[in-house]
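This is input_16.pdb (PDB, C-alpha atoms and all ligand atoms).
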```pdb
MODEL        1
ATOM      1  CA  MET A  18     -15.500 -16.792  34.801
ATOM      2  CA  THR A  19     -14.558 -15.949  31.197
ATOM      3  CA  ARG A  20     -14.856 -18.836  28.752
ATOM      4  CA  ARG A  21     -11.583 -19.934  27.081
ATOM      5  CA  LEU A  22     -11.429 -18.906  23.464
ATOM      6  CA  SER A  23     -10.239 -21.110  20.617
ATOM      7  CA  LEU A  24      -8.831 -19.299  17.596
ATOM      8  CA  ALA A  25      -7.920 -20.846  14.227
ATOM      9  CA  LEU A  26      -4.939 -19.257  12.478
ATOM     10  CA  PRO A  27      -3.666 -19.861   8.919
ATOM     11  CA  SER A  28      -0.841 -22.410   9.191
ATOM     12  CA  LYS A  29       0.731 -21.469   5.845
ATOM     13  CA  GLY A  30       0.329 -19.258   2.809
ATOM     14  CA  ARG A  31      -0.039 -15.510   2.418
ATOM     15  CA  LEU A  32      -2.130 -14.913   5.532
ATOM     16  CA  ARG A  33       0.139 -16.808   7.949
ATOM     17  CA  GLU A  34       2.869 -14.224   8.678
ATOM     18  CA  PRO A  35       0.669 -11.098   8.988
ATOM     19  CA  SER A  36      -1.849 -12.981  11.161
ATOM     20  CA  TRP A  37       0.912 -14.126  13.493
ATOM     21  CA  ALA A  38       2.433 -10.624  13.599
ATOM     22  CA  LEU A  39      -0.965  -9.114  14.474
ATOM     23  CA  LEU A  40      -1.506 -11.587  17.297
ATOM     24  CA  GLU A  41       1.989 -10.943  18.664
ATOM     25  CA  ALA A  42       1.447  -7.172  18.526
ATOM     26  CA  SER A  43      -1.797  -7.580  20.469
ATOM     27  CA  GLY A  44       0.178  -8.609  23.555
ATOM     28  CA  VAL A  45      -1.461 -12.011  24.147
ATOM     29  CA  ASP A  46       1.998 -13.594  23.788
ATOM     30  CA  PRO A  47       1.199 -16.574  21.549
ATOM     31  CA  GLN A  48       3.446 -19.627  21.922
ATOM     32  CA  GLU A  49       5.432 -20.176  18.731
ATOM     33  CA  PRO A  50       4.286 -23.547  17.329
ATOM     34  CA  GLY A  51       7.047 -26.048  16.599
ATOM     35  CA  GLU A  52       7.373 -28.011  13.352
ATOM     36  CA  ARG A  53       4.141 -29.841  12.552
ATOM     37  CA  VAL A  54       2.542 -28.637  15.799
ATOM     38  CA  LEU A  55      -1.093 -27.813  15.194
ATOM     39  CA  GLN A  56      -2.035 -26.406  18.576
ATOM     40  CA  ALA A  57      -0.551 -23.830  20.946
ATOM     41  CA  HIS A  58      -1.632 -21.501  23.733
ATOM     42  CA  CYS A  59      -1.216 -17.842  24.615
ATOM     43  CA  ARG A  60       0.751 -16.977  27.733
ATOM     44  CA  ASN A  61      -1.142 -13.787  28.566
ATOM     45  CA  ALA A  62      -4.698 -14.701  27.620
ATOM     46  CA  ASP A  63      -7.067 -17.666  27.840
ATOM     47  CA  ILE A  64      -6.770 -18.344  24.139
ATOM     48  CA  ASP A  65      -6.044 -21.735  22.509
ATOM     49  CA  LEU A  66      -4.625 -21.589  18.996
ATOM     50  CA  LEU A  67      -5.263 -24.069  16.213
ATOM     51  CA  PHE A  68      -3.123 -23.873  13.060
ATOM     52  CA  VAL A  69      -5.065 -24.893   9.959
ATOM     53  CA  ARG A  70      -5.238 -23.975   6.275
ATOM     54  CA  ALA A  71      -6.902 -20.606   5.657
ATOM     55  CA  ASP A  72      -9.468 -22.364   3.385
ATOM     56  CA  ASP A  73     -10.564 -24.631   6.253
ATOM     57  CA  VAL A  74     -11.128 -21.800   8.745
ATOM     58  CA  PRO A  75     -14.662 -20.807   7.565
ATOM     59  CA  GLU A  76     -15.999 -24.376   8.046
ATOM     60  CA  TYR A  77     -14.186 -24.859  11.357
ATOM     61  CA  VAL A  78     -15.810 -21.702  12.723
ATOM     62  CA  GLN A  79     -19.238 -22.429  11.222
ATOM     63  CA  ASP A  80     -19.254 -25.972  12.643
ATOM     64  CA  GLY A  81     -18.103 -24.853  16.100
ATOM     65  CA  VAL A  82     -14.745 -26.682  15.966
ATOM     66  CA  VAL A  83     -13.265 -23.329  17.045
ATOM     67  CA  ASP A  84     -14.868 -20.152  18.407
ATOM     68  CA  CYS A  85     -13.269 -17.827  15.891
ATOM     69  CA  GLY A  86     -10.611 -17.688  13.206
ATOM     70  CA  ILE A  87      -8.637 -15.584  10.781
ATOM     71  CA  THR A  88      -9.168 -16.162   7.070
ATOM     72  CA  GLY A  89      -9.790 -14.357   3.766
ATOM     73  CA  LEU A  90     -13.189 -12.820   3.048
ATOM     74  CA  ASP A  91     -13.025 -14.466  -0.400
ATOM     75  CA  LEU A  92     -12.793 -17.905   1.216
ATOM     76  CA  ILE A  93     -15.947 -17.307   3.279
ATOM     77  CA  TYR A  94     -17.885 -16.296   0.164
ATOM     78  CA  GLU A  95     -16.537 -19.170  -1.893
ATOM     79  CA  ARG A  96     -17.344 -21.721   0.828
ATOM     80  CA  ASP A  97     -20.699 -19.997   1.438
ATOM     81  CA  CYS A  98     -20.221 -20.399   5.183
ATOM     82  CA  ASP A  99     -22.540 -18.939   7.779
ATOM     83  CA  VAL A 100     -20.056 -17.045   9.976
ATOM     84  CA  GLU A 101     -20.001 -13.536  11.376
ATOM     85  CA  VAL A 102     -17.284 -11.109  10.273
ATOM     86  CA  LEU A 103     -16.129  -9.573  13.569
ATOM     87  CA  LEU A 104     -13.316  -7.417  12.231
ATOM     88  CA  ARG A 105     -11.628  -6.500   8.952
ATOM     89  CA  LEU A 106      -7.888  -6.851   9.476
ATOM     90  CA  GLY A 107      -6.502  -4.647   6.700
ATOM     91  CA  TYR A 108      -3.987  -7.115   5.200
ATOM     92  CA  GLY A 109      -4.288  -9.895   2.602
ATOM     93  CA  THR A 110      -6.067  -7.345   0.431
ATOM     94  CA  CYS A 111      -6.847  -8.520  -3.089
ATOM     95  CA  SER A 112      -9.697  -8.461  -5.562
ATOM     96  CA  LEU A 113     -11.343 -11.061  -7.741
ATOM     97  CA  GLN A 114     -10.683  -9.758 -11.221
ATOM     98  CA  ALA A 115     -11.604 -10.810 -14.700
ATOM     99  CA  ALA A 116      -8.798 -10.742 -17.263
ATOM    100  CA  VAL A 117      -8.321 -11.589 -20.928
ATOM    101  CA  PRO A 118      -5.235 -12.131 -23.118
ATOM    102  CA  ARG A 119      -3.673  -8.763 -24.008
ATOM    103  CA  GLU A 120      -4.650  -9.055 -27.689
ATOM    104  CA  ASP A 121      -8.339  -9.835 -26.923
ATOM    105  CA  THR A 122     -10.940  -7.307 -28.123
ATOM    106  CA  ALA A 123     -12.863  -7.234 -24.809
ATOM    107  CA  THR A 124     -12.797  -3.863 -23.052
ATOM    108  CA  SER A 125     -15.289  -4.317 -20.193
ATOM    109  CA  LEU A 126     -16.803  -7.009 -17.983
ATOM    110  CA  ALA A 127     -19.935  -7.000 -20.199
ATOM    111  CA  ASP A 128     -17.774  -8.314 -23.053
ATOM    112  CA  LEU A 129     -17.392 -11.582 -21.136
ATOM    113  CA  ALA A 130     -20.938 -12.590 -22.145
ATOM    114  CA  GLY A 131     -20.911 -15.960 -23.904
ATOM    115  CA  ARG A 132     -17.218 -16.561 -23.146
ATOM    116  CA  ARG A 133     -15.526 -19.526 -21.436
ATOM    117  CA  ILE A 134     -13.910 -18.330 -18.211
ATOM    118  CA  ALA A 135     -11.464 -20.349 -16.096
ATOM    119  CA  THR A 136     -11.549 -19.796 -12.350
ATOM    120  CA  ALA A 137     -10.651 -21.417  -9.039
ATOM    121  CA  HIS A 138     -13.479 -19.404  -7.418
ATOM    122  CA  PRO A 139     -16.559 -20.641  -9.306
ATOM    123  CA  ARG A 140     -19.186 -19.822  -6.686
ATOM    124  CA  THR A 141     -18.111 -16.212  -6.093
ATOM    125  CA  ALA A 142     -17.520 -15.680  -9.817
ATOM    126  CA  ALA A 143     -20.961 -17.105 -10.727
ATOM    127  CA  ARG A 144     -22.680 -14.919  -8.138
ATOM    128  CA  ALA A 145     -20.849 -11.763  -9.245
ATOM    129  CA  LEU A 146     -21.524 -12.400 -12.952
ATOM    130  CA  ALA A 147     -25.202 -13.101 -12.234
ATOM    131  CA  GLU A 148     -25.483  -9.815 -10.322
ATOM    132  CA  LEU A 149     -24.093  -8.027 -13.389
ATOM    133  CA  GLY A 150     -26.474  -9.937 -15.689
ATOM    134  CA  ILE A 151     -23.579 -11.525 -17.593
ATOM    135  CA  GLU A 152     -24.084 -15.073 -18.868
ATOM    136  CA  ALA A 153     -20.834 -16.954 -19.370
ATOM    137  CA  GLU A 154     -19.516 -20.494 -19.045
ATOM    138  CA  LEU A 155     -17.303 -21.053 -16.012
ATOM    139  CA  VAL A 156     -14.569 -23.689 -16.174
ATOM    140  CA  LYS A 157     -13.405 -24.745 -12.725
ATOM    141  CA  VAL A 158      -9.640 -25.165 -12.411
ATOM    142  CA  GLY A 159      -7.630 -25.917  -9.278
ATOM    143  CA  GLY A 160      -4.636 -23.634  -9.799
ATOM    144  CA  SER A 161      -2.382 -21.945 -12.384
ATOM    145  CA  VAL A 162      -5.505 -20.208 -13.669
ATOM    146  CA  GLU A 163      -3.420 -17.617 -15.543
ATOM    147  CA  ILE A 164      -2.196 -20.082 -18.149
ATOM    148  CA  SER A 165      -5.693 -21.397 -19.007
ATOM    149  CA  PRO A 166      -6.200 -19.090 -22.023
ATOM    150  CA  ARG A 167      -2.783 -20.020 -23.415
ATOM    151  CA  LEU A 168      -3.647 -23.717 -23.052
ATOM    152  CA  GLY A 169      -6.891 -23.182 -24.972
ATOM    153  CA  LEU A 170      -8.940 -24.099 -21.887
ATOM    154  CA  ALA A 171     -10.732 -20.756 -21.704
ATOM    155  CA  ASP A 172     -11.005 -17.290 -23.323
ATOM    156  CA  ALA A 173     -10.686 -15.411 -20.045
ATOM    157  CA  ILE A 174      -9.962 -15.928 -16.375
ATOM    158  CA  ILE A 175     -11.396 -14.777 -13.061
ATOM    159  CA  ASP A 176      -8.787 -14.833 -10.325
ATOM    160  CA  LEU A 177      -7.567 -13.132  -7.152
ATOM    161  CA  VAL A 178      -5.179 -10.294  -7.887
ATOM    162  CA  SER A 179      -3.238  -8.057  -5.519
ATOM    163  CA  THR A 180      -0.540  -6.257  -7.513
ATOM    164  CA  GLY A 181      -1.482  -7.456 -11.006
ATOM    165  CA  SER A 182       2.090  -8.546 -11.775
ATOM    166  CA  THR A 183       1.139 -12.231 -12.258
ATOM    167  CA  LEU A 184      -1.485 -11.178 -14.812
ATOM    168  CA  ARG A 185       1.038  -9.042 -16.697
ATOM    169  CA  THR A 186       3.696 -11.779 -16.619
ATOM    170  CA  ASN A 187       1.211 -14.149 -18.224
ATOM    171  CA  GLY A 188       0.217 -11.714 -20.984
ATOM    172  CA  LEU A 189      -3.187 -10.937 -19.459
ATOM    173  CA  ARG A 190      -5.061  -7.635 -19.198
ATOM    174  CA  PRO A 191      -7.562  -6.917 -16.372
ATOM    175  CA  LEU A 192     -11.140  -6.079 -17.388
ATOM    176  CA  GLY A 193     -12.564  -5.186 -14.007
ATOM    177  CA  SER A 194     -13.058  -6.207 -10.431
ATOM    178  CA  LEU A 195     -15.858  -8.473  -9.182
ATOM    179  CA  PHE A 196     -15.164  -8.703  -5.448
ATOM    180  CA  ASP A 197     -12.801  -7.101  -2.916
ATOM    181  CA  SER A 198     -11.250  -9.216  -0.193
ATOM    182  CA  GLU A 199      -9.016  -8.869   2.849
ATOM    183  CA  ALA A 200      -8.173 -10.924   5.927
ATOM    184  CA  VAL A 201     -10.956 -10.971   8.521
ATOM    185  CA  LEU A 202     -11.570 -12.215  12.041
ATOM    186  CA  VAL A 203     -14.701 -14.357  11.979
ATOM    187  CA  GLY A 204     -16.811 -15.921  14.697
ATOM    188  CA  ARG A 205     -19.727 -18.312  14.825
ATOM    189  CA  SER A 206     -23.042 -16.648  13.914
ATOM    190  CA  GLY A 207     -25.263 -16.051  16.909
ATOM    191  CA  ASP A 208     -22.416 -16.474  19.422
ATOM    192  CA  ASP A 209     -22.836 -12.840  20.509
ATOM    193  CA  ASP A 210     -22.583 -13.086  24.270
ATOM    194  CA  PHE A 211     -18.936 -14.145  24.452
ATOM    195  CA  GLU A 212     -16.730 -11.797  26.437
ATOM    196  CA  SER A 213     -13.288 -13.112  25.436
ATOM    197  CA  ARG A 214     -14.262 -13.087  21.750
ATOM    198  CA  ASP A 215     -15.304  -9.435  21.995
ATOM    199  CA  ARG A 216     -12.123  -8.657  23.909
ATOM    200  CA  LEU A 217      -9.957 -10.234  21.194
ATOM    201  CA  ALA A 218     -11.762  -8.220  18.494
ATOM    202  CA  THR A 219     -11.290  -5.006  20.510
ATOM    203  CA  ILE A 220      -7.580  -5.615  21.130
ATOM    204  CA  LEU A 221      -6.888  -6.544  17.491
ATOM    205  CA  SER A 222      -8.764  -3.479  16.285
ATOM    206  CA  SER A 223      -6.738  -1.263  18.657
ATOM    207  CA  VAL A 224      -3.534  -2.591  17.026
ATOM    208  CA  ILE A 225      -4.911  -2.099  13.497
ATOM    209  CA  ASN A 226      -6.002   1.477  14.280
ATOM    210  CA  ALA A 227      -2.628   2.231  15.860
ATOM    211  CA  ARG A 228      -0.728   0.966  12.808
ATOM    212  CA  ALA A 229      -2.485   3.551  10.676
ATOM    213  CA  SER A 230      -1.517   6.409  13.035
ATOM    214  CA  ARG A 231       1.604   8.277  14.154
ATOM    215  CA  TYR A 232       2.194  10.344  17.274
ATOM    216  CA  LEU A 233       3.516  13.697  16.062
ATOM    217  CA  LEU A 234       5.498  16.159  18.218
ATOM    218  CA  PHE A 235       6.905  19.535  17.234
ATOM    219  CA  ASN A 236       7.719  22.975  18.608
ATOM    220  CA  VAL A 237       6.350  26.227  17.257
ATOM    221  CA  ALA A 238       6.180  29.915  18.177
ATOM    222  CA  LYS A 239       2.970  30.668  20.086
ATOM    223  CA  ASP A 240       1.856  33.259  17.520
ATOM    224  CA  ARG A 241       1.953  30.562  14.777
ATOM    225  CA  LEU A 242      -0.100  28.087  16.798
ATOM    226  CA  ASP A 243      -3.442  28.763  15.089
ATOM    227  CA  ALA A 244      -1.864  28.434  11.649
ATOM    228  CA  VAL A 245      -0.217  25.057  12.386
ATOM    229  CA  THR A 246      -3.147  23.534  14.268
ATOM    230  CA  SER A 247      -5.533  24.490  11.453
ATOM    231  CA  ILE A 248      -3.720  22.095   9.078
ATOM    232  CA  LEU A 249      -3.350  19.210  11.563
ATOM    233  CA  PRO A 250      -5.451  16.257  10.328
ATOM    234  CA  THR A 251      -6.218  15.162  13.865
ATOM    235  CA  ARG A 252      -9.638  14.056  15.078
ATOM    236  CA  GLY A 253      -9.370  15.428  18.617
ATOM    237  CA  SER A 254      -7.744  18.559  19.928
ATOM    238  CA  PRO A 255      -3.907  18.555  19.943
ATOM    239  CA  THR A 256      -2.029  18.843  23.254
ATOM    240  CA  VAL A 257      -0.217  22.192  23.590
ATOM    241  CA  MET A 258       2.419  22.749  26.295
ATOM    242  CA  ASP A 259       4.492  25.777  27.196
ATOM    243  CA  LEU A 260       8.252  25.301  26.843
ATOM    244  CA  ALA A 261      10.919  26.821  29.117
ATOM    245  CA  THR A 262      11.730  29.210  26.245
ATOM    246  CA  PRO A 263       9.127  32.023  26.425
ATOM    247  CA  GLY A 264       6.766  32.309  23.432
ATOM    248  CA  VAL A 265       7.373  28.739  22.191
ATOM    249  CA  VAL A 266       5.043  25.759  22.649
ATOM    250  CA  ALA A 267       5.285  22.013  22.072
ATOM    251  CA  VAL A 268       2.405  20.449  20.136
ATOM    252  CA  HIS A 269       1.517  16.737  20.360
ATOM    253  CA  ALA A 270      -1.106  15.181  18.071
ATOM    254  CA  LEU A 271      -2.208  11.809  16.740
ATOM    255  CA  VAL A 272      -2.332  11.931  12.942
ATOM    256  CA  PRO A 273      -3.003   9.397  10.167
ATOM    257  CA  ALA A 274       0.293   7.816   9.039
ATOM    258  CA  ALA A 275      -0.696   8.367   5.410
ATOM    259  CA  THR A 276      -0.670  12.167   5.881
ATOM    260  CA  ILE A 277       2.914  12.389   7.213
ATOM    261  CA  TRP A 278       4.571  12.737   3.792
ATOM    262  CA  ASN A 279       2.750  16.014   2.993
ATOM    263  CA  LEU A 280       2.208  17.219   6.528
ATOM    264  CA  LEU A 281       5.817  17.606   7.747
ATOM    265  CA  PRO A 282       6.952  19.997   4.966
ATOM    266  CA  ALA A 283       3.710  21.987   5.359
ATOM    267  CA  LEU A 284       4.285  22.351   9.117
ATOM    268  CA  GLU A 285       7.913  23.292   8.526
ATOM    269  CA  SER A 286       6.878  26.037   6.136
ATOM    270  CA  LEU A 287       4.605  27.427   8.878
ATOM    271  CA  GLY A 288       7.526  27.614  11.334
ATOM    272  CA  ALA A 289       7.330  24.243  13.131
ATOM    273  CA  SER A 290      10.681  22.768  14.229
ATOM    274  CA  SER A 291      12.094  19.777  16.152
ATOM    275  CA  MET A 292       9.511  17.502  14.551
ATOM    276  CA  LEU A 293       9.312  13.882  15.675
ATOM    277  CA  THR A 294       6.940  11.093  14.705
ATOM    278  CA  LEU A 295       6.549   7.972  16.836
ATOM    279  CA  PRO A 296       4.775   4.692  16.121
ATOM    280  CA  VAL A 297       1.713   3.985  18.244
ATOM    281  CA  GLU A 298       1.327   0.535  19.786
ATOM    282  CA  ARG A 299      -2.373   0.503  20.572
ATOM    283  CA  MET A 300      -5.262   2.905  20.126
ATOM    284  CA  MET A 301      -8.680   2.625  21.686
ATOM    285  CA  PRO A 302     -11.330   5.290  21.179
TER     286      PRO A 302
HETATM  287  P1  LIG B 401      -2.763 -18.852   0.365
HETATM  288  O1  LIG B 401      -3.329 -19.486  -0.859
HETATM  289  O2  LIG B 401      -2.862 -19.707   1.588
HETATM  290  O3  LIG B 401      -1.444 -18.211   0.172
HETATM  291  O4  LIG B 401      -3.730 -17.606   0.743
HETATM  292  C1  LIG B 401      -4.731 -17.253  -0.093
HETATM  293  C2  LIG B 401      -5.486 -16.102   0.522
HETATM  294  O5  LIG B 401      -4.656 -14.945   0.557
HETATM  295  C3  LIG B 401      -6.638 -15.762  -0.375
HETATM  296  O6  LIG B 401      -7.775 -16.507  -0.042
HETATM  297  C4  LIG B 401      -6.812 -14.280  -0.181
HETATM  298  O7  LIG B 401      -7.643 -14.065   0.945
HETATM  299  C5  LIG B 401      -5.400 -13.795   0.157
HETATM  300  N1  LIG B 401      -4.682 -13.159  -0.979
HETATM  301  C6  LIG B 401      -4.123 -11.923  -0.943
HETATM  302  N2  LIG B 401      -3.563 -11.623  -2.116
HETATM  303  C7  LIG B 401      -3.759 -12.662  -2.927
HETATM  304  C8  LIG B 401      -3.391 -12.946  -4.291
HETATM  305  N3  LIG B 401      -2.727 -12.082  -5.055
HETATM  306  N4  LIG B 401      -3.738 -14.153  -4.792
HETATM  307  C9  LIG B 401      -4.386 -15.058  -4.038
HETATM  308  N5  LIG B 401      -4.748 -14.839  -2.773
HETATM  309  C10 LIG B 401      -4.466 -13.656  -2.204
ENDMDL
END
```

Structure translated into structure tokens:
Amino acid sequence: MTRRLSLALPSKGRLREPSWALLEASGVDPQEPGERVLQAHCRNADIDLLFVRADDVPEYVQDGVVDCGITGLDLIYERDCDVEVLLRLGYGTCSLQAAVPREDTATSLADLAGRRIATAHPRTAARALAELGIEAELVKVGGSVEISPRLGLADAIIDLVSTGSTLRTNGLRPLGSLFDSEAVLVGRSGDDDFESRDRLATILSSVINARASRYLLFNVAKDRLDAVTSILPTRGSPTVMDLATPGVVAVHALVPAATIWNLLPALESLGASSMLTLPVERMMP
């Protein structure tokens, strides 16, 4: 019998919506939690859901309160929790960056030596600075890190950045990145022989892979087939089928979504027509 799996999901914040969307897309049919409901089940899988803050997930998994959870890689490093990263989820991407006021003379991370730096991520920041051999004073703040230099609390900041617009709005200039983060599925270390945990990781990864791909279909004259297939960025061999019209074939291929913008005009210029791209729901190797 497969063991039931308990999964902690972020109950609010940036990681909540994309984590929920990923679970829904996986087909396990999670029960929508009501207001203030902290637990729910999945209709199609033996999975119990626990809704907690993303910052609490690393400890919950480490301490065995739940079998696995979704959280930010940065939170695992900051909490220094002993958990196993089972899968990178490709959203919640951000980096821990150092920044100084626009008018500051610093031009690189090395220029932070001897400075006072405000951060809400002291452990990760200290580790990253030590690895770079930079000695600086870290000032731990709870939030609104970006205004610390203006308040005279610090000369620089180290904070999580995704687009950089908050830095710019607060008159700050990035100096460099110390750590890259994204949402991850984590499990308890050493809990390797756990079938439903492996199955969840496999299903989620099939959805993530599928999101980055498109199913491409087009028609082309048979004598142009070599030319069009030579530019197809597909891993395997495309499917080629004869059409009722003599001398014309239909080509089907799985291609990276990111290539579509350049690929369609290139195929068109080689004689491809009736091009269609379709989203892919799930993709397993
Ligand atoms: P929350 O504070 O609950 O909204 O979520 C914070 C988590 O979202 C962080 O621990 C990161 O993993 C992730 N994240 C993604 N982009 C950013 C960003 N620009 N600032 C802070 N956290 C971010």

Task: Residues near Gly30 in chain A, cut-off 12 Å, all atoms listed in the file, skip fewer than 5 positions along chain, as a PyMOL selection string - done: chain A and resi 35-37+68-72+88-89+109

Worksheet entry | Contacts of Asp197 in chain A within 9 Å, all atoms listed in the file, excl. fewer than 4 positions in-chain, as number ranges by chain | A: 90-91, 110-114

Evaluate the PyMOL selection byres (((chain A and resi 196) around 12) and not hetatm) here and jot the selected residues down as an mmCIF file with C-alpha atoms, keeping the file's coordinate frame.
```cif
data_model
loop_
_atom_site.group_PDB
_atom_site.id
_atom_site.type_symbol
_atom_site.label_atom_id
_atom_site.label_comp_id
_atom_site.auth_asym_id
_atom_site.auth_seq_id
_atom_site.Cartn_x
_atom_site.Cartn_y
_atom_site.Cartn_z
ATOM 1 C CA LEU A 90 -13.189 -12.820 3.048
ATOM 2 C CA ASP A 91 -13.025 -14.466 -0.400
ATOM 3 C CA LEU A 92 -12.793 -17.905 1.216
ATOM 4 C CA TYR A 94 -17.885 -16.296 0.164
ATOM 5 C CA GLU A 95 -16.537 -19.170 -1.893
ATOM 6 C CA THR A 110 -6.067 -7.345 0.431
ATOM 7 C CA CYS A 111 -6.847 -8.520 -3.089
ATOM 8 C CA SER A 112 -9.697 -8.461 -5.562
ATOM 9 C CA LEU A 113 -11.343 -11.061 -7.741
ATOM 10 C CA GLN A 114 -10.683 -9.758 -11.221
ATOM 11 C CA ALA A 115 -11.604 -10.810 -14.700
ATOM 12 C CA HIS A 138 -13.479 -19.404 -7.418
ATOM 13 C CA ARG A 140 -19.186 -19.822 -6.686
ATOM 14 C CA THR A 141 -18.111 -16.212 -6.093
ATOM 15 C CA ALA A 142 -17.520 -15.680 -9.817
ATOM 16 C CA ALA A 143 -20.961 -17.105 -10.727
ATOM 17 C CA ARG A 144 -22.680 -14.919 -8.138
ATOM 18 C CA ALA A 145 -20.849 -11.763 -9.245
ATOM 19 C CA LEU A 146 -21.524 -12.400 -12.952
ATOM 20 C CA GLU A 148 -25.483 -9.815 -10.322
ATOM 21 C CA LEU A 149 -24.093 -8.027 -13.389
ATOM 22 C CA ILE A 175 -11.396 -14.777 -13.061
ATOM 23 C CA ASP A 176 -8.787 -14.833 -10.325
ATOM 24 C CA LEU A 177 -7.567 -13.132 -7.152
ATOM 25 C CA VAL A 178 -5.179 -10.294 -7.887
ATOM 26 C CA SER A 179 -3.238 -8.057 -5.519
ATOM 27 C CA GLY A 193 -12.564 -5.186 -14.007
ATOM 28 C CA SER A 194 -13.058 -6.207 -10.431
ATOM 29 C CA LEU A 195 -15.858 -8.473 -9.182
ATOM 30 C CA ASP A 197 -12.801 -7.101 -2.916
ATOM 31 C CA SER A 198 -11.250 -9.216 -0.193
ATOM 32 C CA GLU A 199 -9.016 -8.869 2.849
#
```

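Interatomic distance, CA of Leu260 in chain A to CA of Leu280 in chain A: 22.7 Å.
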
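Look at range 131-134 of chain A: the protein and nucleic acid residues within 8 Å of it, using only C-alpha atoms and passing over chain neighbours fewer than 5 places away, are Glu152, Ala153, Glu154, Leu155, Val156, Ala171, Asp172, Ala173, Ile174 and Ile175 of chain A.
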
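Between CA of Ser222 in chain A and CA of Ala42 in chain A the interatomic distance comes to 11.1 Å.
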
Residues within 8 Å of (2.1, 10.1, 16.6), file coords, all atoms listed in the file, listed as a PDB file with C-alpha atoms, in the frame of the given file:
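So part_13.pdb came out as:
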```pdb
ATOM      1  CA  SER A 230      -1.517   6.409  13.035  1.00  0.00           C
ATOM      2  CA  ARG A 231       1.604   8.277  14.154  1.00  0.00           C
ATOM      3  CA  TYR A 232       2.194  10.344  17.274  1.00  0.00           C
ATOM      4  CA  LEU A 233       3.516  13.697  16.062  1.00  0.00           C
ATOM      5  CA  LEU A 234       5.498  16.159  18.218  1.00  0.00           C
ATOM      6  CA  HIS A 269       1.517  16.737  20.360  1.00  0.00           C
ATOM      7  CA  ALA A 270      -1.106  15.181  18.071  1.00  0.00           C
ATOM      8  CA  LEU A 271      -2.208  11.809  16.740  1.00  0.00           C
ATOM      9  CA  VAL A 272      -2.332  11.931  12.942  1.00  0.00           C
ATOM     10  CA  THR A 294       6.940  11.093  14.705  1.00  0.00           C
ATOM     11  CA  LEU A 295       6.549   7.972  16.836  1.00  0.00           C
ATOM     12  CA  PRO A 296       4.775   4.692  16.121  1.00  0.00           C
ATOM     13  CA  VAL A 297       1.713   3.985  18.244  1.00  0.00           C
TER      14      VAL A 297
END
```

Could you pull the residues within 12 Å of Gly207 in chain A, counting all atoms listed in the file, minus those fewer than 4 positions along the same chain, as a VMD selection string? chain A and resid 78 to 79 81 84 99 to 103 203 211

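In this model, the gap between CA of Leu189 in chain A and atom C6 of ligand LIG 401 (chain B) comes to 18.6 Å.
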
For the file shown, report as a ChimeraX atom specification the outcome of the PyMOL selection byres (((chain A and resi 225) around 9) and not hetatm) at residue level. /A:39,106-107,220-224,226-229,299-300

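Considering all atoms listed in the file, the residue among A:Thr256, A:Thr183, A:Ser23, A:Gln56 positioned nearest to ligand LIG 401 (chain B) is A:Thr183.
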
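In this comparison, which uses all atoms listed in the file, the residue of A:Thr136, A:Glu285, A:Leu242, A:Ala123 approaching Val158 in chain A most closely is A:Thr136.
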
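Minimum atom-to-atom distance to ligand LIG 401 (chain B), evaluated using all atoms listed in the file, belongs to A:Asp73 out of A:Asp46, A:Asp209, A:Asp121, A:Asp73.
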
Step by step, gather every atom of ligand LIG 401 (chain B) that the file lists, find the box along x, y and z that holds them, add 4 Å on each side, and finally give centre and edge lengths in Å to one decimal, as lines of an AutoDock Vina configuration file.
```
center_x = -4.6
center_y = -15.7
center_z = -1.7
size_x = 14.3
size_y = 16.1
size_z = 14.6
```

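Minimum atom-to-atom distances from A:Gly160, A:Pro273, A:Pro263, A:Gly169 to ligand LIG 401 (chain B) were compared using all atoms listed in the file, and the lowest value belongs to A:Gly160.
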